[in-house]
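Novice: Next up, target-v9.txt (compact mmCIF, C-alpha atoms).
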# COMPACT_ATOMS: atom_id res chain seq x y z
CA MET T 276 37.89 101.76 126.37
CA PRO T 277 38.77 98.69 124.27
CA LEU T 278 38.73 100.85 121.13
CA ARG T 279 41.20 103.24 122.70
CA SER T 280 43.63 100.45 123.66
CA ILE T 281 43.40 98.96 120.16
CA SER T 282 44.13 102.39 118.68
CA LEU T 283 47.15 102.83 120.95
CA THR T 284 48.42 99.36 120.06
CA LEU T 285 48.12 100.05 116.33
CA LEU T 286 49.78 103.43 116.71
CA SER T 287 52.65 101.82 118.59
CA CYS T 288 53.07 99.18 115.87
CA PHE T 289 53.16 101.80 113.11
CA THR T 290 55.65 103.88 115.07
CA LEU T 291 57.97 100.90 115.52
CA LEU T 292 57.64 100.02 111.85
CA ALA T 293 58.50 103.57 110.77
CA CYS T 294 61.55 103.66 113.05
CA SER T 295 62.86 100.33 111.84
CA SER T 296 62.62 101.29 108.16
CA ALA T 297 64.33 104.69 108.53
CA PRO T 298 67.43 105.02 106.31
CA ILE T 299 70.78 104.89 108.04
CA ASP T 300 72.88 108.03 107.75
CA PRO T 301 76.39 107.47 106.33
CA ALA T 302 77.65 109.95 108.94
CA GLU T 303 77.34 107.09 111.45
CA PHE T 304 80.72 105.89 110.16
CA ALA T 305 82.43 109.15 111.20
CA GLY T 306 85.64 108.38 113.07
CA LYS T 307 85.31 104.66 112.41
CA PHE T 308 87.28 104.45 109.19
CA LYS T 309 90.67 105.34 107.79
CA ASP T 310 91.23 106.55 104.27
CA LYS T 311 94.02 107.44 101.88
CA LEU T 312 94.24 109.42 98.63
CA ILE T 313 97.02 108.35 96.27
CA THR T 314 97.68 110.91 93.56
CA ASP T 315 99.27 110.21 90.19
CA LEU T 316 100.28 113.19 88.03
CA ARG T 317 101.44 112.20 84.56
CA ALA T 318 103.94 114.10 82.44
CA ASP T 319 101.23 115.04 79.94
CA GLY T 320 99.18 116.73 82.71
CA LEU T 321 96.78 113.84 83.32
CA LYS T 322 95.64 113.72 86.95
CA LEU T 323 94.70 110.29 88.28
CA PHE T 324 93.91 109.16 91.81
CA THR T 325 93.11 106.13 93.89
CA TYR T 326 91.01 106.59 97.00
CA GLN T 327 91.08 103.77 99.55
CA ALA T 328 88.94 103.52 102.67
CA GLY T 329 88.60 100.85 105.31
CA LEU T 330 87.08 100.40 108.72
CA ALA T 331 89.49 101.28 111.50
CA GLU T 332 89.89 98.21 113.69
CA ASP T 333 89.62 98.71 117.40
CA LYS T 334 92.10 96.18 118.79
CA SER T 335 90.57 96.29 122.27
CA LYS T 336 87.14 95.21 121.00
CA LYS T 337 88.31 92.79 118.33
CA ASP T 338 88.46 89.25 119.55
CA ASN T 339 89.18 86.65 116.89
CA ALA T 340 87.91 83.87 119.15
CA GLU T 341 84.37 85.27 118.91
CA ARG T 342 84.30 85.37 115.11
CA PRO T 343 83.14 82.17 113.41
CA PHE T 344 85.26 80.49 110.77
CA PRO T 345 83.95 80.95 107.19
CA HIS T 346 82.81 77.32 106.94
CA GLU T 347 80.88 77.68 110.21
CA GLU T 348 79.13 80.75 108.82
CA ARG T 349 78.14 78.84 105.67
CA MET T 350 76.82 75.93 107.75
CA ARG T 351 74.71 78.35 109.81
CA GLN T 352 73.28 79.87 106.63
CA VAL T 353 72.35 76.45 105.24
CA ALA T 354 70.44 75.70 108.45
CA GLN T 355 68.37 78.93 108.18
CA ASP T 356 64.91 78.87 106.70
CA PRO T 357 64.51 80.66 103.33
CA ARG T 358 62.81 83.73 104.86
CA GLU T 359 65.71 84.21 107.28
CA GLN T 360 68.21 83.80 104.41
CA ARG T 361 66.42 86.48 102.35
CA ARG T 362 66.34 88.83 105.33
CA SER T 363 70.03 88.23 106.01
CA ARG T 364 70.97 88.85 102.36
CA LYS T 365 68.91 92.06 102.33
CA GLU T 366 70.61 93.29 105.51
CA GLN T 367 74.03 92.56 103.97
CA ALA T 368 73.08 94.37 100.74
CA ASP T 369 71.76 97.37 102.71
CA SER T 370 74.93 97.46 104.81
CA LEU T 371 77.09 97.32 101.66
CA GLU T 372 75.08 100.15 100.08
CA ILE T 373 75.55 102.31 103.19
CA TRP T 374 79.27 101.53 103.24
CA GLY T 375 79.50 102.47 99.54
CA LYS T 376 77.86 105.82 100.31
CA GLN T 377 80.35 106.38 103.11
CA VAL T 378 83.27 105.69 100.75
CA GLU T 379 81.80 108.14 98.21
CA LEU T 380 81.31 110.75 100.92
CA GLY T 381 84.88 110.26 102.12
CA LEU T 382 86.21 110.70 98.58
CA GLU T 383 84.17 113.87 98.00
CA LYS T 384 85.33 115.41 101.28
CA THR T 385 88.97 114.43 100.66
CA LEU T 386 88.97 115.92 97.16
CA GLU T 387 87.32 119.06 98.52
CA MET T 388 89.86 119.44 101.34
CA THR T 389 92.91 118.77 99.17
CA GLY T 390 91.70 120.63 96.08
CA TYR T 391 92.94 117.79 93.89
CA CYS T 392 90.03 117.56 91.41
CA ARG T 393 88.65 121.08 91.39
CA GLU T 394 86.33 120.54 88.40
CA GLY T 395 85.15 117.04 89.28
CA TYR T 396 86.31 113.65 88.11
CA PHE T 397 85.49 110.65 85.95
CA GLU T 398 85.20 107.38 87.84
CA LEU T 399 87.41 104.71 86.26
CA SER T 400 86.71 101.83 88.62
CA ARG T 401 85.09 101.02 91.94
CA ASN T 402 85.51 98.10 94.29
CA ILE T 403 83.28 98.21 97.37
CA GLU T 404 83.41 95.32 99.82
CA SER T 405 82.25 94.96 103.38
CA GLY T 406 84.54 97.14 105.50
CA ARG T 407 86.74 98.43 102.68
CA GLY T 408 86.48 100.21 99.36
CA GLU T 409 88.52 101.69 96.54
CA ILE T 410 87.57 104.22 93.86
CA ARG T 411 89.93 105.08 91.02
CA GLY T 412 89.37 108.21 88.98
CA GLU T 413 90.64 110.82 86.57
CA CYS T 414 90.26 114.54 87.22
CA LYS T 415 88.39 116.54 84.60
CA GLU T 416 91.07 119.26 84.59
CA GLY T 417 94.74 118.92 83.77
CA ALA T 418 97.57 119.43 86.24
CA THR T 419 98.79 122.97 86.81
CA GLU T 420 102.29 123.91 87.96
CA GLU T 421 100.86 124.40 91.45
CA ASP T 422 99.38 120.87 91.33
CA LYS T 423 102.75 119.45 90.27
CA GLN T 424 104.46 121.07 93.25
CA LYS T 425 101.73 120.24 95.75
CA PHE T 426 100.95 116.65 94.71
CA ALA T 427 104.30 115.42 93.36
CA ARG T 428 105.29 112.00 94.69
CA PHE T 429 108.95 111.34 95.31
Written as C-alpha cells, that's how I'd like the structure from this file.
Specialist:
Amino acid sequence: MPLRSISLTLLSCFTLLACSSAPIDPAEFAGKFKDKLITDLRADGLKLFTYQAGLAEDKSKKDNAERPFPHEERMRQVAQDPREQRRSRKEQADSLEIWGKQVELGLEKTLEMTGYCREGYFELSRNIESGRGEIRGECKEGATEEDKQKFARF
C-alpha cells in the first residue's frame, strides 16, 4: 500500500509539472486585441506597410487605482529575493514572446485577408512591447493597377 500511494503522489507531481510547462497558444489572445494595417503605395510601385496591434482595453475591468505606480513596482522588485526576480523576469520574457507571436499571427492573417502582400514580404523593423507591437515591411511584389485602386490612401 505505501508503494502505491508514493507512486500516485509522484505521478501527480509529474502531471502538474507537465501541465505547468505546456506552451501557451497565441490563439488565447483572440478577441482581446485591436490591429490596423497602414498601406503605403509609392509612385514607383513599391508597396510598404505598417502593422500595429495592441491589447483592447476593457474599461469595465480596468481600474487605475489597483495598478501600482512604476516606482512602487521597482521597490517591490528590489525587495524580492534573487530567485523570485529571475522567475519574474522569465515570466515577463515568456509573455513578451507569446505577445510577439500573436502580433506576427495577426499580421499574417491580415495580409492574407486583404491580399496586400501576395508573394510575402521583407521585414524592415519590429517593435514588440508588452501589450502593443508594430511591424513595418515591404512587399516582395510591386503594386499592380488593382492594388493602386484598392489600397490608395486619400
Novice: Which neighbours of region 321-332 of chain T fall inside 6 Å, counting all atoms listed in the file, when residues of the same chain fewer than 6 positions from it are skipped, and could you give them as a ChimeraX atom specification?
Specialist: /T:307-315,406-414,417
Novice: How about saving the chosen residues, C-alpha atoms kept, as a compact mmCIF listing (two decimals), in the frame of the given file?
Specialist:
# COMPACT_ATOMS: atom_id res chain seq x y z
CA LYS T 307 85.31 104.66 112.41
CA PHE T 308 87.28 104.45 109.19
CA LYS T 309 90.67 105.34 107.79
CA ASP T 310 91.23 106.55 104.27
CA LYS T 311 94.02 107.44 101.88
CA LEU T 312 94.24 109.42 98.63
CA ILE T 313 97.02 108.35 96.27
CA THR T 314 97.68 110.91 93.56
CA ASP T 315 99.27 110.21 90.19
CA GLY T 406 84.54 97.14 105.50
CA ARG T 407 86.74 98.43 102.68
CA GLY T 408 86.48 100.21 99.36
CA GLU T 409 88.52 101.69 96.54
CA ILE T 410 87.57 104.22 93.86
CA ARG T 411 89.93 105.08 91.02
CA GLY T 412 89.37 108.21 88.98
CA GLU T 413 90.64 110.82 86.57
CA CYS T 414 90.26 114.54 87.22
CA GLY T 417 94.74 118.92 83.77
Novice: Could you tell me how far CA of Thr389 (chain T) lies from CA of Lys425 (chain T), in Å and to one decimal?
Specialist: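 Between these atoms lies a distance of 9.6 Å.
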Novice: How would you write as a ChimeraX atom specification the residues that get within 12 Å of (103.8, 119.1, 87.5) in the file's frame, counting only C-alpha atoms?
Specialist: /T:314-322,417-428
Novice: Looking at all atoms listed in the file, which of T:Ser405, T:Arg393, T:Glu416, T:Gly381 is the one that sits closest to Glu366 (chain T)?
Specialist: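 For Glu366 (chain T), the nearest of the candidates is T:Ser405.
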Novice: Take CA of Arg364 (chain T) and CA of Glu379 (chain T) and report the distance between them in Å, one decimal.
Specialist: 22.5 Å
Novice: To test the calculation: enclose all listed atoms of region 380-392 of chain T in a box whose edges run along x, y and z, add 5 Å on each side, then state centre and edge lengths in Å to one decimal, as JSON.
Specialist:
{"center_x": 87.1, "center_y": 115.4, "center_z": 96.8, "size_x": 21.6, "size_y": 20.4, "size_z": 20.7}
Novice: Quick one: pull the distance between CA of Lys384 (chain T) and CA of Phe397 (chain T), Å, one decimal.
Specialist: 16.1 Å
Novice: Do you know which residues are at most 6 Å from Lys415 (chain T) counting all atoms listed in the file, after dropping those on the same chain fewer than 2 positions away, and could you put them as a PyMOL selection string?
Specialist: chain T and resi 394-396
Novice: Using all atoms listed in the file, which residue out of T:Asp356, T:Leu399, T:Arg362, T:Glu404 lies closest to Gly375 (chain T)?
Specialist: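 The answer is T:Glu404, which sits nearest to Gly375 (chain T).
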Novice: Here is a test: counting only C-alpha atoms, which residue of T:Pro357, T:Cys392, T:Ile403, T:Ser363 is nearest to Lys376 (chain T)?
Specialist: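 The answer is T:Ile403, which sits nearest to Lys376 (chain T).
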